[in-house]
Each structure stands twice: as C-alpha cells, then as structure tokens.
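Q: Have a look at this one before I ask anything.
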Amino acid sequence: MSAPSAGAASAGAAPVPGPRWLVACDLDQTLIFSRRSFRLPDGVGEPPLVLVERIDGEPWAFMTETAFAGVAALHEGAVLVPVTTRTLAQYGRVDLGVTPRYAVAANGGHLLVDGVVDPAWADAVAERLRGGAPLADVLAIAERLATGGWCRLTRVADDLFVYLVAHERDGIPDLAGVTDELAAAGWTVSVQGRKVYLVPAALTKQAALAEVARRAGATRVAAAGDSLLDAPMLLAADAAVRPAHGELHDRAWTAPHLHVTAAAGLLAGEELLAHLTGLVTGGRVAGGRVAAAAGR
C-alpha cells in the first residue's frame with residue numbers, strides 16, 4: 001500500500017516509527033460471528049468460544065478462544081487496525097480483548113486514534129463526499145427499495161450512508177436496477193448477510209487505512225475482509241486474506257496476492273488470523289507481494 005500524500009486530514013500528524021506490519025481486519029464475518037453465521041461443518045462440534053459483543057444485554061457475537069488469542073498476538077507484533085462498516089456506537093459494543101491505537105468505523109467515515117474520533121479526518125471525509133448525491137436523495141431511494149415486506153428496518157448510519165436489514169437474506173430482491181441507479185449518483189451497493197448497504201463511492205475503508213499507515217510509519221500492510229466494501233483495501237495491501245464465505249467468495253473474487261481460507265464461518269476467522277500472524281512473525285515479501293513463506 002503506498003502512503004498517500006499529506007493533505008488536510010494529515011496536517012500536523014507526522015509519521016511516527018512503528019512496527020513493520022500494519023494489519024487491517026474487518027470485523028463482522030471476518031473476525032467476529034453471530035451464531036447464525038458460524039457455518040460449522042456437519043459433525044464438527046462447537047469450539048470453545050469468547051463472547052465479544054452483547055446487544056441489549058444478550059450475547060451476540062463470538063470468536064473462538066484460539067482466534068481471540070490470535071488477535072492479542074497480532075496486536076503485540078504489529079499495528080492492528082479494526083476496520084469496519086459499523087457505526088461508532090456499534091463498534092463500541094465490540095471487545096476484542098485489546099485496545100488498538102487506531103480503528104476505522106463507518107466504512108472509513110471515522111478514524112479513531114486512542115478511541116477518539118480524529119476531527120481532521122472527519123473534515124476531509126466531508127469534503128470528499130460533496131461530489132456525490134446527497135444522503136437525503138439516497139434515503140428516498142432506500143425507502144422505495146424497502147417496500148414489499150422484505151425489509152425489517154432502514155437506518156442512516158452516522159449521517160454518512162444508509163443500510164437496510166432484511167427479515168431473511170433470501171427475501172432481498174434483485175438489486176441490479178438500484179445498483180445502476182446509485183452508481184450513476186456516485187454510490188455503491190453491498191449485501192452482507194441480511195444487510196443491504198448503500199454507501200458513497202468516495203467513502204472507503206482503504207482511504208482511511210492509507211492514512212493510518214502513513215501516521216503509523218508502516219512499511220507493509222496486510223488486510224482481511226469478506227465483502228465488496230473490503231475489496232479496495234484488500235487490493236491495495238501487500239498481502240490480503242479473505243474467508244471462504246461472504247460477498248467476495250460468492251463472486252469468486254480473487255487477486256494475485258490473495259490467500260483464501262480453507263474453512264468457512266467461525267473457523268475461517270481462526271484460520272485467517274493464523275495466516276496473518278504468520279506474515280507478521282515469519283513471512284517474507286518478494287516483488288511487493290507475500291511469497292510462499294506467507295502460506296501460499
């Protein structure tokens with residue numbers, strides 16, 4: 001990943017020495033899983049779990065004990081950056097057992113430094129989003145899309161984008177028409193589980209991650225994710241890994257430097273963390289991409 005040129009978002013924030021690797025990880029269905037997304041193979045018992053999120057007091061998201069330990073190892077050996085489409089409030093519910101210095105929420109809309117939203121980045125994002133259709137116009141499209149009984153709720157996320165939640169994933173209608181309509185307006189569509197995200201094309205995880213890499217002084221970047229919204233950061237990274245499930249897997253998405261897990265679901269999260277730890281502790285890079293020692 002090439003460091004971006006300094007701009008409004010980075011004024012006064014000079015790069016500081018840091019570990020060699022920066023490791024960016026999507027959360028939902030990459031690192032953490034609700035029970036409906038475990039996807040354990042037939043005959044495979046549930047491994048020991050760690051609860052990492054509650055909603056209204058109820059257990060919601062989990063990791064295996066092995067994966068939870070893997071997060072701690074990555075945090076110790078690299079700049080670990082959670083990178084999520086979750087809102088600030090939704091991200092705040094997750095406890096990975098570590099406190100990363102940097103985090104990215106709302107699909108790149110928020111850059112957190114030591115748990116605090118960075119105001120310079122927020123200003124840069126606001127400027128970047130002026131080129132697309134207004135949020136109010138897209139909300140009207142979302143409300144039109146939500147008709148027909150398939151949609152359980154429609155939400156605006158941190159005044160940045162819109163998402164819809166289906167009663168069941170199979171009930172989500174054909175989105176080809178609205179995808180084309182929104183593309184013409186400078187927005188993108190992504191389906192993750194039962195959620196349909198309508199996101200400005202200019203709002204990306206990768207842009208925020210590039211700023212983190214610059215600030216952290218990272219020379220190599222690894223990234224993990226499962227959705228189309230993760231694709232730009234996976235492409236820009238020196239090494240990338242995705243689970244054998246999710247939006248990218250359904251599209252057979254690939255890249256020369258991409259590793260795909262053998263397992264799906266909960267066990268894929270465990271496997272991809274082991275792969276990333278291997279990169280940080282013993283991988284070698286040749287020609288700008290991780291070579292055979294990284295597990296490919």
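Residues are referred to by chain and number: the chain letter is A, B, ... according to the order shown in the structure tokens, the number counts from 1 in that chain, and ligands are numbered separately from 1 in the order shown.
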As a PyMOL selection string, please: every residue in region 94-209 of chain A that a backbone DSSP assignment puts in alpha helix (DSSP H).

A: chain A and resi 119-128+135-145+176-184+205-209

Q: Can you tell me which residues surround Pro47 (chain A) at a distance of at most 12 Å, considering only C-alpha atoms, apart from same-chain residues fewer than 5 positions away, and format the answer as a PyMOL selection string?

A: chain A and resi 38+40-41+62-67+266-267+270

Q: Can you write just those residues out, all heavy atoms, as a compact mmCIF listing (two decimals), in the first residue's frame?

A:
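As written to disk, selection_27.txt reads:
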```txt
# COMPACT_ATOMS: atom_id res chain seq x y z
N PHE A 38 -22.06 -19.03 12.05
CA PHE A 38 -20.96 -19.92 12.43
C PHE A 38 -20.54 -20.85 11.28
O PHE A 38 -19.36 -21.14 11.11
CB PHE A 38 -21.35 -20.78 13.63
CG PHE A 38 -21.16 -20.12 14.97
CD1 PHE A 38 -20.82 -18.78 15.08
CD2 PHE A 38 -21.31 -20.86 16.13
CE1 PHE A 38 -20.65 -18.18 16.31
CE2 PHE A 38 -21.13 -20.27 17.38
CZ PHE A 38 -20.80 -18.93 17.47
N LEU A 40 -20.52 -24.04 10.90
CA LEU A 40 -19.70 -25.19 11.28
C LEU A 40 -20.06 -26.39 10.41
O LEU A 40 -21.24 -26.65 10.15
CB LEU A 40 -19.92 -25.53 12.75
CG LEU A 40 -19.37 -24.50 13.75
CD1 LEU A 40 -19.82 -24.85 15.15
CD2 LEU A 40 -17.86 -24.40 13.66
N PRO A 41 -19.08 -27.14 9.93
CA PRO A 41 -19.36 -28.32 9.10
C PRO A 41 -20.16 -29.37 9.88
O PRO A 41 -20.09 -29.44 11.12
CB PRO A 41 -17.97 -28.85 8.74
CG PRO A 41 -17.04 -27.71 8.98
CD PRO A 41 -17.63 -26.92 10.10
N PHE A 62 -19.23 -13.68 18.61
CA PHE A 62 -18.26 -14.55 19.25
C PHE A 62 -17.01 -14.70 18.39
O PHE A 62 -17.02 -14.45 17.19
CB PHE A 62 -18.86 -15.95 19.47
CG PHE A 62 -20.13 -15.98 20.26
CD1 PHE A 62 -21.36 -15.75 19.64
CD2 PHE A 62 -20.11 -16.23 21.62
CE1 PHE A 62 -22.54 -15.77 20.36
CE2 PHE A 62 -21.28 -16.26 22.35
CZ PHE A 62 -22.51 -16.03 21.72
N MET A 63 -15.95 -15.15 19.05
CA MET A 63 -14.75 -15.66 18.40
C MET A 63 -14.40 -16.97 19.09
O MET A 63 -14.83 -17.21 20.22
CB MET A 63 -13.58 -14.69 18.53
CG MET A 63 -13.82 -13.30 18.01
SD MET A 63 -12.43 -12.17 18.35
CE MET A 63 -11.19 -12.84 17.24
N THR A 64 -13.62 -17.80 18.41
CA THR A 64 -13.09 -18.96 19.12
C THR A 64 -12.00 -18.47 20.08
O THR A 64 -11.42 -17.39 19.90
CB THR A 64 -12.48 -20.00 18.16
OG1 THR A 64 -11.29 -19.46 17.57
CG2 THR A 64 -13.47 -20.40 17.08
N GLU A 65 -11.72 -19.27 21.09
CA GLU A 65 -10.64 -18.91 22.01
C GLU A 65 -9.31 -18.76 21.27
O GLU A 65 -8.50 -17.89 21.58
CB GLU A 65 -10.52 -19.96 23.12
CG GLU A 65 -11.64 -19.92 24.13
CD GLU A 65 -11.42 -20.89 25.28
OE1 GLU A 65 -10.44 -21.67 25.22
OE2 GLU A 65 -12.21 -20.86 26.24
N THR A 66 -9.10 -19.62 20.29
CA THR A 66 -7.86 -19.56 19.51
C THR A 66 -7.78 -18.26 18.72
O THR A 66 -6.72 -17.61 18.66
CB THR A 66 -7.77 -20.76 18.57
OG1 THR A 66 -7.76 -21.96 19.34
CG2 THR A 66 -6.50 -20.71 17.73
N ALA A 67 -8.89 -17.86 18.10
CA ALA A 67 -8.90 -16.61 17.35
C ALA A 67 -8.70 -15.41 18.27
O ALA A 67 -7.98 -14.46 17.93
CB ALA A 67 -10.22 -16.48 16.59
N LEU A 266 -16.99 -19.40 11.36
CA LEU A 266 -16.24 -19.19 12.59
C LEU A 266 -14.81 -19.70 12.48
O LEU A 266 -13.85 -19.05 12.93
CB LEU A 266 -16.97 -19.90 13.72
CG LEU A 266 -16.44 -19.72 15.14
CD1 LEU A 266 -16.69 -18.31 15.64
CD2 LEU A 266 -17.12 -20.74 16.07
N LEU A 267 -14.63 -20.88 11.87
CA LEU A 267 -13.29 -21.47 11.77
C LEU A 267 -12.43 -20.74 10.76
O LEU A 267 -11.20 -20.77 10.85
CB LEU A 267 -13.40 -22.96 11.42
CG LEU A 267 -14.14 -23.81 12.45
CD1 LEU A 267 -14.18 -25.26 12.01
CD2 LEU A 267 -13.51 -23.67 13.84
N GLU A 270 -10.59 -18.01 12.61
CA GLU A 270 -9.43 -18.57 13.30
C GLU A 270 -8.28 -18.79 12.32
O GLU A 270 -7.12 -18.46 12.60
CB GLU A 270 -9.85 -19.88 13.95
CG GLU A 270 -8.85 -20.53 14.83
CD GLU A 270 -9.41 -21.76 15.52
OE1 GLU A 270 -10.27 -21.59 16.42
OE2 GLU A 270 -9.00 -22.88 15.15
```

Q: A:Asp174, A:Gly186, A:Arg20, A:Leu88: which is nearest Asp137 (chain A), counting only C-alpha atoms?

A: A:Gly186

Q: Find the residues near region 150-153 of chain A: any atom within 7 Å, counting only C-alpha atoms, skip ones fewer than 6 places away on the same chain, and give them as a JSON list (two decimals) with C-alpha atoms, in the first residue's frame.

A:
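Output below, filename around-v9.json:
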```json
[["chain", "number", "residue", "atom", "x", "y", "z"],
["A", 164, "LEU", "CA", -31.49, -1.86, 5.15],
["A", 165, "VAL", "CA", -31.98, -5.06, 7.16],
["A", 166, "ALA", "CA", -33.99, -7.91, 5.65],
["A", 167, "HIS", "CA", -36.12, -10.34, 7.63],
["A", 171, "GLY", "CA", -36.01, -12.23, 0.77],
["A", 172, "ILE", "CA", -33.69, -9.50, -0.56]]
```

Q: Choose the residue, out of A:Leu49, A:Ala201, A:Leu182, A:Ala120, that has the smallest atom-to-atom separation from Leu139 (chain A); count only C-alpha atoms.

A: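 Among the listed residues, the smallest separation from Leu139 (chain A) belongs to A:Leu182.
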
Q: Using only C-alpha atoms, pick whichever of A:Ala183, A:Leu234, A:Ala252, A:Val196 has the shortest atom-to-atom distance to Leu209 (chain A).

A: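 Of A:Ala183, A:Leu234, A:Ala252, A:Val196, the one nearest Leu209 (chain A), counting only C-alpha atoms, is A:Leu234.
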
Q: How close does each residue of region 138-178 of chain A get to region 69-87 of chain A, giving the shortest atom pair and distance in Å to one decimal for every residue with an atom at most 12 Å away, counting only C-alpha atoms, sorted by chain and residue number, as CSV?

A:
```
residue,atom,partner,partner_atom,distance
A:Arg155,CA,A:Thr87,CA,10.9
A:Val156,CA,A:Thr87,CA,9.7
A:Ala157,CA,A:Thr87,CA,6.0
A:Asp158,CA,A:Thr87,CA,6.2
A:Asp159,CA,A:Thr87,CA,9.8
A:Leu160,CA,A:Thr87,CA,9.4
A:Phe161,CA,A:Thr85,CA,9.8
A:Val162,CA,A:Thr87,CA,11.0
A:Tyr163,CA,A:Thr85,CA,10.3
```

Q: Write out as a list in words each polymer residue whose atoms come within 12 Å of Asp56 (chain A), counting only C-alpha atoms; drop sequence neighbours fewer than 4 positions from it.

A: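 That gives Trp60, Gln90 and Arg93 of chain A.
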
Q: Mind checking which residues fall within 12 Å of region 256-263 of chain A, counting only C-alpha atoms, ignoring those fewer than 2 positions away in the same chain, and posting them as a ChimeraX atom specification?

A: /A:30,38-41,44,221-226,231,233-246,248-249,252-254,265-276,279,285-292,294-296

Q: When distances are computed from only C-alpha atoms, which of A:Leu175, A:Ala142, A:Val52, A:Leu203 shows the smallest separation from Glu127 (chain A)?

A: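 Answer, going by the shortest atom-to-atom distance: A:Leu203.
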
Q: With a cut-off of 12 Å, could you pull out the residues of region 86-150 of chain A touching region 32-35 of chain A and give me the nearest pair of atoms for each, distance in Å to one decimal, using only C-alpha atoms, ordered by chain and ascending number, as a Markdown table?

A:
```
| residue | atom | partner | partner_atom | distance |
| --- | --- | --- | --- | --- |
| A:Tyr91 | CA | A:Ile32 | CA | 11.7 |
| A:Val94 | CA | A:Ile32 | CA | 9.1 |
| A:Asp95 | CA | A:Ile32 | CA | 10.2 |
| A:Leu96 | CA | A:Ile32 | CA | 9.0 |
```

Q: Write the residues you've just listed into a file as a PDB file, in the first residue's frame, and include all heavy atoms for each of them.

A:
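And here is the file that came out, again_39.pdb:
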```pdb
ATOM      1  N   TYR A  91     -19.520  -0.172  16.801  1.00  0.00           N
ATOM      2  CA  TYR A  91     -18.134  -0.578  17.033  1.00  0.00           C
ATOM      3  C   TYR A  91     -17.819  -0.586  18.520  1.00  0.00           C
ATOM      4  O   TYR A  91     -17.109  -1.471  19.026  1.00  0.00           O
ATOM      5  CB  TYR A  91     -17.163   0.355  16.300  1.00  0.00           C
ATOM      6  CG  TYR A  91     -15.721   0.113  16.651  1.00  0.00           C
ATOM      7  CD1 TYR A  91     -15.095  -1.081  16.306  1.00  0.00           C
ATOM      8  CD2 TYR A  91     -14.990   1.062  17.364  1.00  0.00           C
ATOM      9  CE1 TYR A  91     -13.766  -1.316  16.656  1.00  0.00           C
ATOM     10  CE2 TYR A  91     -13.667   0.835  17.707  1.00  0.00           C
ATOM     11  CZ  TYR A  91     -13.058  -0.357  17.350  1.00  0.00           C
ATOM     12  OH  TYR A  91     -11.747  -0.591  17.707  1.00  0.00           O
ATOM     13  N   VAL A  94     -18.065  -3.829  20.704  1.00  0.00           N
ATOM     14  CA  VAL A  94     -17.180  -4.975  20.468  1.00  0.00           C
ATOM     15  C   VAL A  94     -15.961  -4.900  21.380  1.00  0.00           C
ATOM     16  O   VAL A  94     -15.296  -3.868  21.480  1.00  0.00           O
ATOM     17  CB  VAL A  94     -16.737  -5.029  18.996  1.00  0.00           C
ATOM     18  CG1 VAL A  94     -15.781  -6.192  18.762  1.00  0.00           C
ATOM     19  CG2 VAL A  94     -17.948  -5.141  18.078  1.00  0.00           C
ATOM     20  N   ASP A  95     -15.658  -6.017  22.024  1.00  0.00           N
ATOM     21  CA  ASP A  95     -14.479  -6.124  22.888  1.00  0.00           C
ATOM     22  C   ASP A  95     -13.589  -7.239  22.362  1.00  0.00           C
ATOM     23  O   ASP A  95     -13.863  -8.423  22.545  1.00  0.00           O
ATOM     24  CB  ASP A  95     -14.911  -6.425  24.323  1.00  0.00           C
ATOM     25  CG  ASP A  95     -13.719  -6.536  25.272  1.00  0.00           C
ATOM     26  OD1 ASP A  95     -12.575  -6.298  24.839  1.00  0.00           O
ATOM     27  OD2 ASP A  95     -13.943  -6.876  26.451  1.00  0.00           O
ATOM     28  N   LEU A  96     -12.503  -6.855  21.702  1.00  0.00           N
ATOM     29  CA  LEU A  96     -11.554  -7.816  21.136  1.00  0.00           C
ATOM     30  C   LEU A  96     -10.481  -8.234  22.139  1.00  0.00           C
ATOM     31  O   LEU A  96      -9.584  -9.002  21.797  1.00  0.00           O
ATOM     32  CB  LEU A  96     -10.893  -7.231  19.891  1.00  0.00           C
ATOM     33  CG  LEU A  96     -11.814  -6.918  18.711  1.00  0.00           C
ATOM     34  CD1 LEU A  96     -11.029  -6.232  17.595  1.00  0.00           C
ATOM     35  CD2 LEU A  96     -12.490  -8.182  18.193  1.00  0.00           C
TER      36      LEU A  96
END
```

Q: When DSSP works through the backbone of this structure, what residues of region 139-228 of chain A end up as strand (DSSP E), shown as a PyMOL selection string?

A: chain A and resi 151-157+161-166+187-192+195-200+220-224

Q: Go through A:Asp114, A:Asp250, A:Glu143, A:Glu53 one by one, measure the shortest atom-to-atom distance of each to Pro100 (chain A) using only C-alpha atoms, and give the residue with the smallest value.

A: A:Asp114

Q: Have a look at A:Trp121, A:Tyr197, A:Phe68, A:Tyr102 and name the one nearest to Val50 (chain A); count only C-alpha atoms.

A: A:Phe68
